[in-house]
file my_file-v9.tsv (TSV, C-alpha atoms and all ligand atoms)
chain	number	residue	atom	x	y	z
V	1	MET	CA	0.00	0.00	0.00
V	2	LYS	CA	1.27	3.48	-0.93
V	3	GLN	CA	2.13	5.82	1.97
V	4	ASP	CA	1.56	9.02	-0.01
V	5	PHE	CA	-0.60	10.60	2.73
V	6	GLN	CA	1.96	9.87	5.46
V	7	ASN	CA	1.20	12.18	8.39
V	8	LYS	CA	-1.07	14.41	6.31
V	9	ILE	CA	-3.92	15.72	8.44
V	10	ILE	CA	-7.20	15.28	6.59
V	11	TRP	CA	-10.63	16.56	7.66
V	12	LEU	CA	-13.18	14.39	5.89
V	13	THR	CA	-16.92	15.11	5.95
V	14	GLY	CA	-19.64	12.58	5.15
V	15	ALA	CA	-17.42	9.90	6.68
V	16	SER	CA	-20.22	7.84	8.27
V	17	SER	CA	-21.19	5.85	5.16
V	18	GLY	CA	-20.67	5.22	1.45
V	19	ILE	CA	-17.86	7.02	-0.33
V	20	GLY	CA	-16.72	8.93	2.76
V	21	GLU	CA	-16.43	5.73	4.81
V	22	ALA	CA	-14.37	4.10	2.04
V	23	LEU	CA	-12.19	7.22	1.79
V	24	ALA	CA	-11.53	7.08	5.54
V	25	TYR	CA	-10.16	3.51	5.24
V	26	GLU	CA	-8.13	4.42	2.15
V	27	PHE	CA	-6.56	7.58	3.65
V	28	CYS	CA	-5.75	5.79	6.91
V	29	GLN	CA	-4.10	2.88	5.06
V	30	ARG	CA	-2.03	5.42	3.15
V	31	GLY	CA	-0.65	6.98	6.32
V	32	ALA	CA	-2.95	9.96	7.01
V	33	ARG	CA	-4.16	11.29	10.33
V	34	LEU	CA	-7.89	11.81	10.08
V	35	ILE	CA	-10.75	13.87	11.45
V	36	LEU	CA	-14.06	12.23	10.53
V	37	SER	CA	-17.26	14.30	10.43
V	38	ALA	CA	-20.96	13.64	9.79
V	39	ARG	CA	-24.09	13.83	11.93
V	40	ARG	CA	-24.25	10.23	13.20
V	41	THR	CA	-21.68	9.87	15.98
V	42	ALA	CA	-22.19	6.12	16.42
V	43	GLU	CA	-21.50	5.51	12.72
V	44	LEU	CA	-18.38	7.68	12.89
V	45	GLU	CA	-17.20	5.61	15.88
V	46	ARG	CA	-17.84	2.43	13.87
V	47	VAL	CA	-15.78	3.75	10.94
V	48	ARG	CA	-12.96	4.87	13.24
V	49	ALA	CA	-12.84	1.42	14.86
V	50	GLN	CA	-12.53	-0.21	11.43
V	51	CYS	CA	-9.68	2.03	10.26
V	52	ILE	CA	-6.30	0.29	10.08
V	53	ASP	CA	-4.94	2.48	12.92
V	54	PRO	CA	-7.79	4.00	14.99
V	55	THR	CA	-5.25	5.89	17.12
V	56	ARG	CA	-4.64	8.16	14.12
V	57	VAL	CA	-8.36	8.92	13.76
V	58	LYS	CA	-10.49	11.44	15.64
V	59	ILE	CA	-14.15	12.20	15.20
V	60	LEU	CA	-15.88	15.57	15.14
V	61	PRO	CA	-19.65	15.24	14.68
V	62	LEU	CA	-21.29	18.11	12.81
V	63	ASP	CA	-24.30	19.06	10.76
V	64	ALA	CA	-23.11	20.65	7.49
V	65	ALA	CA	-26.46	22.41	7.21
V	66	ASP	CA	-25.88	24.25	10.51
V	67	LEU	CA	-23.88	27.04	8.89
V	68	GLU	CA	-23.61	29.23	12.00
V	69	ASN	CA	-21.84	26.49	13.91
V	70	ILE	CA	-19.28	25.67	11.23
V	71	PRO	CA	-16.62	28.33	12.04
V	72	GLU	CA	-16.45	26.91	15.58
V	73	LYS	CA	-16.18	23.37	14.14
V	74	GLY	CA	-13.28	24.63	12.00
V	75	LYS	CA	-11.46	25.81	15.15
V	76	GLN	CA	-12.14	22.48	16.87
V	77	ALA	CA	-10.90	20.52	13.83
V	78	ARG	CA	-7.62	22.50	13.74
V	79	ALA	CA	-7.14	21.99	17.48
V	80	LEU	CA	-7.42	18.19	17.23
V	81	PHE	CA	-4.01	17.73	15.52
V	82	GLY	CA	-2.71	21.32	15.63
V	83	THR	CA	-3.25	22.06	11.93
V	84	LEU	CA	-5.00	20.79	8.77
V	85	ASP	CA	-3.47	19.86	5.43
V	86	ILE	CA	-6.52	18.72	3.47
V	87	LEU	CA	-10.27	19.35	3.76
V	88	VAL	CA	-12.41	16.84	1.86
V	89	ASN	CA	-15.95	18.19	1.42
V	90	ASN	CA	-17.74	14.92	0.79
V	91	ALA	CA	-20.98	15.26	2.83
V	92	GLY	CA	-23.91	15.37	0.47
V	93	ILE	CA	-27.53	14.53	-0.02
V	94	ALA	CA	-29.59	13.69	-3.09
V	95	GLN	CA	-33.16	14.59	-3.96
V	96	ARG	CA	-35.40	12.94	-6.47
V	97	GLY	CA	-38.58	14.35	-7.91
V	98	ARG	CA	-40.04	16.25	-10.83
V	99	VAL	CA	-39.52	20.02	-10.67
V	100	VAL	CA	-43.24	20.73	-10.76
V	101	GLU	CA	-43.83	18.58	-7.67
V	102	THR	CA	-40.68	19.55	-5.72
V	103	GLU	CA	-41.22	22.09	-2.96
V	104	MET	CA	-38.79	24.96	-2.39
V	105	LEU	CA	-37.93	23.50	1.02
V	106	ALA	CA	-36.54	20.35	-0.62
V	107	LEU	CA	-34.40	22.46	-2.96
V	108	GLN	CA	-33.15	24.57	-0.03
V	109	ARG	CA	-32.27	21.48	2.04
V	110	VAL	CA	-30.18	20.08	-0.80
V	111	PHE	CA	-28.33	23.36	-1.34
V	112	GLN	CA	-27.81	23.88	2.38
V	113	VAL	CA	-25.76	20.69	2.68
V	114	ASN	CA	-24.26	20.19	-0.78
V	115	PHE	CA	-23.36	23.79	-1.59
V	116	PHE	CA	-23.53	26.14	1.41
V	117	GLY	CA	-22.19	23.48	3.80
V	118	ALA	CA	-19.12	22.90	1.60
V	119	VAL	CA	-18.60	26.64	1.20
V	120	ALA	CA	-18.87	27.30	4.96
V	121	LEU	CA	-16.47	24.46	5.81
V	122	THR	CA	-14.00	25.78	3.24
V	123	LYS	CA	-14.23	29.32	4.60
V	124	ALA	CA	-13.61	27.93	8.09
V	125	VAL	CA	-10.19	26.55	7.08
V	126	LEU	CA	-9.08	28.78	4.19
V	127	PRO	CA	-7.64	31.80	6.08
V	128	GLU	CA	-5.20	29.61	8.00
V	129	MET	CA	-4.21	27.73	4.82
V	130	LEU	CA	-3.55	31.02	3.04
V	131	GLU	CA	-1.50	32.25	5.96
V	132	ARG	CA	0.65	29.11	5.83
V	133	ARG	CA	0.68	29.25	2.02
V	134	ALA	CA	-0.18	25.52	2.05
V	135	GLY	CA	-3.34	23.48	1.98
V	136	HIS	CA	-5.67	21.51	-0.20
V	137	ILE	CA	-9.44	21.89	-0.57
V	138	VAL	CA	-11.17	18.85	-2.10
V	139	VAL	CA	-14.81	18.81	-3.15
V	140	VAL	CA	-16.85	15.74	-4.06
V	141	SER	CA	-19.05	16.99	-6.84
V	142	SER	CA	-20.57	14.55	-9.36
V	143	LEU	CA	-20.83	13.93	-13.07
V	144	THR	CA	-24.23	15.56	-12.60
V	145	GLY	CA	-22.25	18.74	-11.85
V	146	LYS	CA	-21.71	18.86	-15.58
V	147	LEU	CA	-24.85	17.16	-16.90
V	148	PRO	CA	-28.57	17.88	-16.80
V	149	VAL	CA	-30.54	14.88	-15.49
V	150	PRO	CA	-34.35	14.76	-15.29
V	151	LYS	CA	-35.92	14.22	-11.85
V	152	HIS	CA	-32.68	15.35	-10.17
V	153	ALA	CA	-32.78	19.09	-10.90
V	154	ALA	CA	-32.05	20.21	-7.33
V	155	TYR	CA	-29.14	17.79	-6.90
V	156	CYS	CA	-27.75	18.66	-10.37
V	157	ALA	CA	-28.02	22.37	-9.66
V	158	SER	CA	-26.21	22.04	-6.32
V	159	LYS	CA	-23.37	20.14	-7.97
V	160	HIS	CA	-23.20	22.65	-10.88
V	161	ALA	CA	-22.93	25.39	-8.25
V	162	LEU	CA	-19.97	23.60	-6.65
V	163	GLN	CA	-18.24	23.48	-10.03
V	164	GLY	CA	-18.60	27.23	-10.55
V	165	TYR	CA	-17.63	28.20	-7.02
V	166	PHE	CA	-14.65	25.96	-6.50
V	167	ASN	CA	-13.21	26.41	-10.01
V	168	SER	CA	-13.33	30.16	-9.28
V	169	LEU	CA	-11.72	29.65	-5.86
V	170	ARG	CA	-8.87	27.69	-7.48
V	171	ALA	CA	-8.13	30.60	-9.79
V	172	GLU	CA	-8.04	32.94	-6.76
V	173	VAL	CA	-5.76	30.93	-4.49
V	174	ALA	CA	-3.52	28.94	-6.85
V	175	ARG	CA	-0.65	31.38	-6.49
V	176	GLN	CA	-0.95	31.43	-2.69
V	177	GLY	CA	-0.06	27.78	-2.25
V	178	VAL	CA	-3.59	26.37	-1.84
V	179	LYS	CA	-4.79	23.63	-4.21
V	180	VAL	CA	-8.41	22.93	-5.14
V	181	THR	CA	-9.50	19.53	-6.47
V	182	LEU	CA	-12.97	18.72	-7.77
V	183	LEU	CA	-13.89	15.02	-7.90
V	184	LEU	CA	-16.77	14.01	-10.17
V	185	PRO	CA	-17.87	10.40	-9.60
V	186	GLY	CA	-20.43	8.59	-11.70
V	187	PHE	CA	-22.55	5.88	-10.04
V	188	VAL	CA	-21.00	4.55	-6.82
V	189	GLN	CA	-22.48	1.99	-4.39
V	190	SER	CA	-23.49	3.87	-1.23
V	191	GLU	CA	-26.46	4.89	0.90
V	192	ILE	CA	-27.17	7.92	-1.28
V	193	SER	CA	-30.48	6.82	-2.76
V	194	LYS	CA	-31.79	5.51	0.59
V	195	ASN	CA	-30.86	8.82	2.22
V	196	SER	CA	-32.26	10.97	-0.59
V	197	LEU	CA	-35.06	13.45	-0.03
V	198	ASP	CA	-38.51	13.30	-1.57
V	199	GLU	CA	-40.43	16.15	-3.20
V	200	ARG	CA	-41.28	17.64	0.22
V	201	GLY	CA	-37.68	17.53	1.46
V	202	ASN	CA	-38.23	14.53	3.75
V	203	PRO	CA	-35.96	11.45	3.76
V	204	ARG	CA	-37.27	8.98	1.19
V	205	GLY	CA	-36.14	6.03	3.33
V	206	LYS	CA	-35.93	3.53	0.50
V	207	ALA	CA	-33.32	3.06	-2.17
V	208	PHE	CA	-33.89	3.35	-5.87
V	209	ALA	CA	-31.88	0.83	-7.86
V	210	VAL	CA	-28.77	2.01	-9.67
V	211	ARG	CA	-27.32	-0.62	-11.92
V	212	ARG	CA	-23.63	-0.94	-12.71
V	213	ALA	CA	-22.51	1.25	-9.80
V	214	MET	CA	-18.80	1.16	-8.89
V	215	ARG	CA	-17.77	-0.30	-5.52
V	216	ALA	CA	-17.09	2.44	-2.97
V	217	ASP	CA	-13.60	1.13	-2.15
V	218	VAL	CA	-12.66	1.23	-5.85
V	219	ALA	CA	-14.00	4.79	-6.12
V	220	ALA	CA	-12.12	5.81	-2.95
V	221	ARG	CA	-8.81	4.49	-4.31
V	222	LYS	CA	-9.26	6.46	-7.53
V	223	MET	CA	-10.24	9.59	-5.59
V	224	ALA	CA	-7.27	9.33	-3.22
V	225	ASN	CA	-4.92	8.93	-6.21
V	226	ALA	CA	-6.37	12.07	-7.83
V	227	ILE	CA	-5.98	14.02	-4.55
V	228	ALA	CA	-2.40	12.78	-4.05
V	229	ARG	CA	-1.53	13.94	-7.58
V	230	GLY	CA	-3.13	17.33	-6.90
V	231	LYS	CA	-5.42	17.03	-9.92
V	232	GLU	CA	-7.62	20.06	-10.54
V	233	GLN	CA	-10.56	17.96	-11.66
V	234	TYR	CA	-11.12	14.23	-11.94
V	235	GLU	CA	-14.13	12.66	-13.66
V	236	PHE	CA	-14.61	8.92	-13.36
V	237	GLY	CA	-17.22	6.18	-13.37
V	238	GLY	CA	-18.56	3.46	-15.61
V	239	ILE	CA	-20.03	3.96	-19.04
V	240	GLU	CA	-21.97	7.02	-17.77
V	241	ARG	CA	-18.74	9.06	-17.76
V	242	PHE	CA	-18.89	9.23	-21.57
V	243	ALA	CA	-21.99	11.41	-21.24
V	244	VAL	CA	-19.72	14.32	-20.20
V	245	PRO	CA	-17.81	14.60	-23.50
V	246	LEU	CA	-21.04	13.80	-25.36
V	247	TYR	CA	-22.74	16.79	-23.72
V	248	ALA	CA	-19.68	19.04	-24.10
V	249	PHE	CA	-19.07	18.35	-27.78
V	250	THR	CA	-22.53	17.38	-29.09
V	251	PRO	CA	-24.98	19.08	-26.71
V	252	ARG	CA	-27.89	18.69	-29.11
V	253	LEU	CA	-27.39	14.94	-29.30
V	254	TYR	CA	-27.22	14.73	-25.48
V	255	SER	CA	-30.34	16.87	-25.21
V	256	TYR	CA	-32.17	14.66	-27.72
V	257	ALA	CA	-31.23	11.53	-25.74
V	258	VAL	CA	-31.94	12.92	-22.26
V	259	LYS	CA	-35.41	14.13	-23.26
V	260	ARG	CA	-36.25	10.54	-24.06
V	261	ILE	CA	-35.40	9.21	-20.58
V	262	LYS	CA	-38.71	8.04	-19.09
V	263	THR	CA	-39.50	10.10	-15.97
T	1	LIG	N1	-23.03	7.44	-4.75
T	1	LIG	C1	-22.98	8.04	-5.92
T	1	LIG	O1	-23.37	7.45	-6.95
T	1	LIG	C2	-22.41	9.43	-6.03
T	1	LIG	C3	-22.10	9.91	-7.30
T	1	LIG	C4	-21.56	11.19	-7.43
T	1	LIG	C5	-21.34	11.96	-6.31
T	1	LIG	N2	-21.65	11.47	-5.07
T	1	LIG	C6	-21.38	12.33	-3.92
T	1	LIG	O2	-20.59	11.63	-2.99
T	1	LIG	C7	-20.78	12.21	-1.69
T	1	LIG	C8	-20.99	11.09	-0.68
T	1	LIG	O3	-22.24	10.45	-0.95
T	1	LIG	P1	-22.46	8.88	-0.85
T	1	LIG	O4	-22.80	8.41	-2.19
T	1	LIG	O5	-21.36	8.23	-0.12
T	1	LIG	O6	-23.83	8.85	0.00
T	1	LIG	P2	-24.16	8.40	1.49
T	1	LIG	O7	-23.74	6.99	1.70
T	1	LIG	O8	-25.57	8.78	1.71
T	1	LIG	O9	-23.21	9.33	2.38
T	1	LIG	C9	-23.50	10.68	2.59
T	1	LIG	C10	-22.67	11.17	3.75
T	1	LIG	O10	-22.95	12.56	3.95
T	1	LIG	C11	-23.30	12.77	5.31
T	1	LIG	N3	-24.25	13.86	5.44
T	1	LIG	C12	-25.47	14.00	4.87
T	1	LIG	N4	-26.08	15.10	5.31
T	1	LIG	C13	-25.22	15.69	6.18
T	1	LIG	C14	-25.27	16.86	6.99
T	1	LIG	N5	-26.34	17.65	7.02
T	1	LIG	N6	-24.20	17.15	7.77
T	1	LIG	C15	-23.11	16.34	7.79
T	1	LIG	N7	-23.00	15.23	7.06
T	1	LIG	C16	-24.05	14.91	6.27
T	1	LIG	C17	-23.90	11.45	5.78
T	1	LIG	O11	-23.72	11.28	7.17
T	1	LIG	P3	-24.83	11.51	8.31
T	1	LIG	O12	-26.14	11.02	7.78
T	1	LIG	O13	-24.29	10.71	9.45
T	1	LIG	O14	-24.80	12.98	8.59
T	1	LIG	C18	-22.99	10.46	5.04
T	1	LIG	O15	-21.80	10.24	5.79
T	1	LIG	C19	-21.97	13.16	-1.82
T	1	LIG	O16	-21.50	14.48	-1.91
T	1	LIG	C20	-22.61	12.73	-3.13
T	1	LIG	O17	-23.32	13.78	-3.75
T	1	LIG	C21	-22.18	10.24	-4.91

call {"tool": "encode", "arguments": {"input": "my_file-v9.tsv", "output": "structure tokens"}}
result
Amino acid sequence: MKQDFQNKIIWLTGASSGIGEALAYEFCQRGARLILSARRTAELERVRAQCIDPTRVKILPLDAADLENIPEKGKQARALFGTLDILVNNAGIAQRGRVVETEMLALQRVFQVNFFGAVALTKAVLPEMLERRAGHIVVVSSLTGKLPVPKHAAYCASKHALQGYFNSLRAEVARQGVKVTLLLPGFVQSEISKNSLDERGNPRGKAFAVRRAMRADVAARKMANAIARGKEQYEFGGIERFAVPLYAFTPRLYSYAVKRIKT
């Protein structure tokens, strides 16, 4: 196993299940010291206990939607190991429903976690990174950050917003020693559909099937490699990843095809 995160201090959100859980195991195996965050403390404890060296892992429960509390969480995160090298904004929530039936509250809940939560967490660590002229902000976006997908307008919009914001941030801070990496997975096996919101913004509570999804540990290895290499943007997945160049180079063909998806 590579040791390319040896002694790096990584604050990872959304670490209680799915991709974030797999990233925790991957980073720990590769030598990192970790701060794991999400809302469910018991699940964070479970993940910590399963890391290869739990003594290098601390937990810091937080709600990414509680924006007022995030600056204080930033201070607490820094205090745990004395500094922070990498923030991985992975916490996220999906929402499924037709636009006409989706209430504003559902849209706001998605943006609060996926976009404003990631922004607030970043702003909580950025000043200190700029002062040290070192640091790395990582954001887990999605291929849907580049693609329109029916019945997922709120989720798509929140991921598009991440693309615009964090690509702009990169341009601002690149010459001050801070890196920004956007990760855009396709379908990955996780709890995301079970945890997704319905049209009213309430947890749906049951999964919708996604065929051909990548295993979370495979996705985590690819994501860790992209972070270690300091990539600006990394798109990956199964066959669905080819939709990105299709949309970029032949948008009318993509539009024709996507309008025919049964909703
Ligand atoms: N799975 C996919 O196919 C896929 C594809 C592209 C992108 N992504 C992105 O990957 C990221 C991880 O999702 P996943 O697929 O691993 O789904 P998941 O299994 O549902 O994990 C989501 C994580 O986010 C945390 N979270 C949700 N709301 C939160 C809040 N308000 N405050 C703090 N933490 C919160 C959850 O923990 P708690 O419930 O304990 O708070 C959980 O740890 C998301 O950003 C998602 O958009 C997933």

call {"tool": "atom_distance", "arguments": {"input": "my_file-v9.tsv", "atom1": "atom O15 of ligand LIG 1 (chain T)", "atom2": "atom CA of V:Leu12"}}
result
9.6 Å

call {"tool": "atom_distance", "arguments": {"input": "my_file-v9.tsv", "atom1": "atom CA of V:Gly201", "atom2": "atom C19 of ligand LIG 1 (chain T)"}}
result
16.6 Å

call {"tool": "residues_around", "arguments": {"input": "my_file-v9.tsv", "residues": "stretch 135-143 of chain V", "least_positions_apart": "4", "cutoff": "6 Å", "atoms": "all atoms listed in the file", "output": "JSON, numbers by chain"}}
result
{"V": [85, 86, 87, 88, 89, 90, 129, 159, 178, 179, 180, 181, 182, 183, 184, 185, 186]}

call {"tool": "closest_residue", "arguments": {"input": "my_file-v9.tsv", "among": "V:Gly177, V:Gly82, V:Pro61, V:Pro71", "to": "ligand LIG 1 (chain T)", "atoms": "only C-alpha atoms and all ligand atoms"}}
result
V:Pro61

call {"tool": "residues_near_ligand", "arguments": {"input": "my_file-v9.tsv", "ligand": "ligand LIG 1 (chain T)", "cutoff": "7 Å", "atoms": "only C-alpha atoms and all ligand atoms", "output": "JSON list (two decimals) with C-alpha atoms, keeping the file's coordinate frame"}}
result
[["chain", "number", "residue", "atom", "x", "y", "z"],
["V", 13, "THR", "CA", -16.92, 15.11, 5.95],
["V", 14, "GLY", "CA", -19.64, 12.58, 5.15],
["V", 15, "ALA", "CA", -17.42, 9.90, 6.68],
["V", 16, "SER", "CA", -20.22, 7.84, 8.27],
["V", 17, "SER", "CA", -21.19, 5.85, 5.16],
["V", 18, "GLY", "CA", -20.67, 5.22, 1.45],
["V", 19, "ILE", "CA", -17.86, 7.02, -0.33],
["V", 20, "GLY", "CA", -16.72, 8.93, 2.76],
["V", 37, "SER", "CA", -17.26, 14.30, 10.43],
["V", 38, "ALA", "CA", -20.96, 13.64, 9.79],
["V", 39, "ARG", "CA", -24.09, 13.83, 11.93],
["V", 40, "ARG", "CA", -24.25, 10.23, 13.20],
["V", 43, "GLU", "CA", -21.50, 5.51, 12.72],
["V", 62, "LEU", "CA", -21.29, 18.11, 12.81],
["V", 63, "ASP", "CA", -24.30, 19.06, 10.76],
["V", 64, "ALA", "CA", -23.11, 20.65, 7.49],
["V", 65, "ALA", "CA", -26.46, 22.41, 7.21],
["V", 90, "ASN", "CA", -17.74, 14.92, 0.79],
["V", 91, "ALA", "CA", -20.98, 15.26, 2.83],
["V", 92, "GLY", "CA", -23.91, 15.37, 0.47],
["V", 93, "ILE", "CA", -27.53, 14.53, -0.02],
["V", 94, "ALA", "CA", -29.59, 13.69, -3.09],
["V", 113, "VAL", "CA", -25.76, 20.69, 2.68],
["V", 114, "ASN", "CA", -24.26, 20.19, -0.78],
["V", 140, "VAL", "CA", -16.85, 15.74, -4.06],
["V", 141, "SER", "CA", -19.05, 16.99, -6.84],
["V", 142, "SER", "CA", -20.57, 14.55, -9.36],
["V", 143, "LEU", "CA", -20.83, 13.93, -13.07],
["V", 184, "LEU", "CA", -16.77, 14.01, -10.17],
["V", 185, "PRO", "CA", -17.87, 10.40, -9.60],
["V", 186, "GLY", "CA", -20.43, 8.59, -11.70],
["V", 187, "PHE", "CA", -22.55, 5.88, -10.04],
["V", 188, "VAL", "CA", -21.00, 4.55, -6.82],
["V", 189, "GLN", "CA", -22.48, 1.99, -4.39],
["V", 190, "SER", "CA", -23.49, 3.87, -1.23],
["V", 191, "GLU", "CA", -26.46, 4.89, 0.90],
["V", 192, "ILE", "CA", -27.17, 7.92, -1.28],
["V", 193, "SER", "CA", -30.48, 6.82, -2.76],
["V", 195, "ASN", "CA", -30.86, 8.82, 2.22],
["V", 213, "ALA", "CA", -22.51, 1.25, -9.80]]

call {"tool": "decode", "arguments": {"input": "my_file-v9.tsv", "residues": "stretch 247-255 of chain V", "atoms": "all heavy atoms", "output": "tab-separated table (two decimals), in the first residue's frame"}}
result
chain	number	residue	atom	x	y	z
V	247	TYR	N	-22.03	15.54	-23.96
V	247	TYR	CA	-22.74	16.79	-23.72
V	247	TYR	C	-21.89	18.01	-24.11
V	247	TYR	O	-22.39	18.99	-24.66
V	247	TYR	CB	-23.14	16.88	-22.25
V	247	TYR	CG	-23.97	18.09	-21.89
V	247	TYR	CD1	-25.12	18.41	-22.60
V	247	TYR	CD2	-23.61	18.90	-20.81
V	247	TYR	CE1	-25.88	19.53	-22.26
V	247	TYR	CE2	-24.37	20.01	-20.47
V	247	TYR	CZ	-25.50	20.31	-21.20
V	247	TYR	OH	-26.24	21.41	-20.86
V	248	ALA	N	-20.56	17.91	-23.82
V	248	ALA	CA	-19.68	19.04	-24.10
V	248	ALA	C	-19.52	19.27	-25.61
V	248	ALA	O	-19.53	20.42	-26.07
V	248	ALA	CB	-18.31	18.82	-23.45
V	249	PHE	N	-19.41	18.19	-26.37
V	249	PHE	CA	-19.07	18.35	-27.78
V	249	PHE	C	-20.28	18.24	-28.71
V	249	PHE	O	-20.27	18.77	-29.82
V	249	PHE	CB	-17.98	17.34	-28.19
V	249	PHE	CG	-16.70	17.56	-27.42
V	249	PHE	CD1	-16.22	16.60	-26.54
V	249	PHE	CD2	-16.00	18.76	-27.54
V	249	PHE	CE1	-15.06	16.83	-25.80
V	249	PHE	CE2	-14.83	18.99	-26.82
V	249	PHE	CZ	-14.37	18.03	-25.94
V	250	THR	N	-21.32	17.50	-28.27
V	250	THR	CA	-22.53	17.38	-29.09
V	250	THR	C	-23.75	17.60	-28.20
V	250	THR	O	-24.54	16.67	-27.97
V	250	THR	CB	-22.61	16.00	-29.79
V	250	THR	OG1	-22.52	14.99	-28.78
V	250	THR	CG2	-21.52	15.79	-30.81
V	251	PRO	N	-23.90	18.83	-27.68
V	251	PRO	CA	-24.98	19.08	-26.71
V	251	PRO	C	-26.36	18.77	-27.27
V	251	PRO	O	-27.24	18.34	-26.52
V	251	PRO	CB	-24.82	20.56	-26.37
V	251	PRO	CG	-23.93	21.14	-27.39
V	251	PRO	CD	-23.08	20.03	-27.93
V	252	ARG	N	-26.55	18.95	-28.56
V	252	ARG	CA	-27.89	18.69	-29.11
V	252	ARG	C	-28.20	17.20	-29.10
V	252	ARG	O	-29.34	16.80	-28.88
V	252	ARG	CB	-28.01	19.27	-30.52
V	252	ARG	CG	-28.16	20.80	-30.46
V	252	ARG	CD	-28.02	21.44	-31.80
V	252	ARG	NE	-29.11	21.08	-32.71
V	252	ARG	CZ	-29.14	21.44	-33.98
V	252	ARG	NH1	-28.16	22.15	-34.51
V	252	ARG	NH2	-30.15	21.09	-34.74
V	253	LEU	N	-27.19	16.39	-29.33
V	253	LEU	CA	-27.39	14.94	-29.30
V	253	LEU	C	-27.72	14.50	-27.87
V	253	LEU	O	-28.64	13.70	-27.63
V	253	LEU	CB	-26.13	14.24	-29.82
V	253	LEU	CG	-26.19	12.72	-29.90
V	253	LEU	CD1	-27.34	12.27	-30.81
V	253	LEU	CD2	-24.87	12.15	-30.42
V	254	TYR	N	-26.95	15.07	-26.88
V	254	TYR	CA	-27.22	14.73	-25.48
V	254	TYR	C	-28.65	15.14	-25.12
V	254	TYR	O	-29.41	14.39	-24.51
V	254	TYR	CB	-26.22	15.44	-24.55
V	254	TYR	CG	-26.46	15.10	-23.09
V	254	TYR	CD1	-25.87	14.00	-22.50
V	254	TYR	CD2	-27.33	15.88	-22.31
V	254	TYR	CE1	-26.11	13.67	-21.17
V	254	TYR	CE2	-27.58	15.55	-20.98
V	254	TYR	CZ	-26.96	14.46	-20.41
V	254	TYR	OH	-27.23	14.14	-19.10
V	255	SER	N	-29.01	16.35	-25.54
V	255	SER	CA	-30.34	16.87	-25.21
V	255	SER	C	-31.43	15.98	-25.82
V	255	SER	O	-32.43	15.65	-25.16
V	255	SER	CB	-30.46	18.30	-25.75
V	255	SER	OG	-31.71	18.82	-25.43
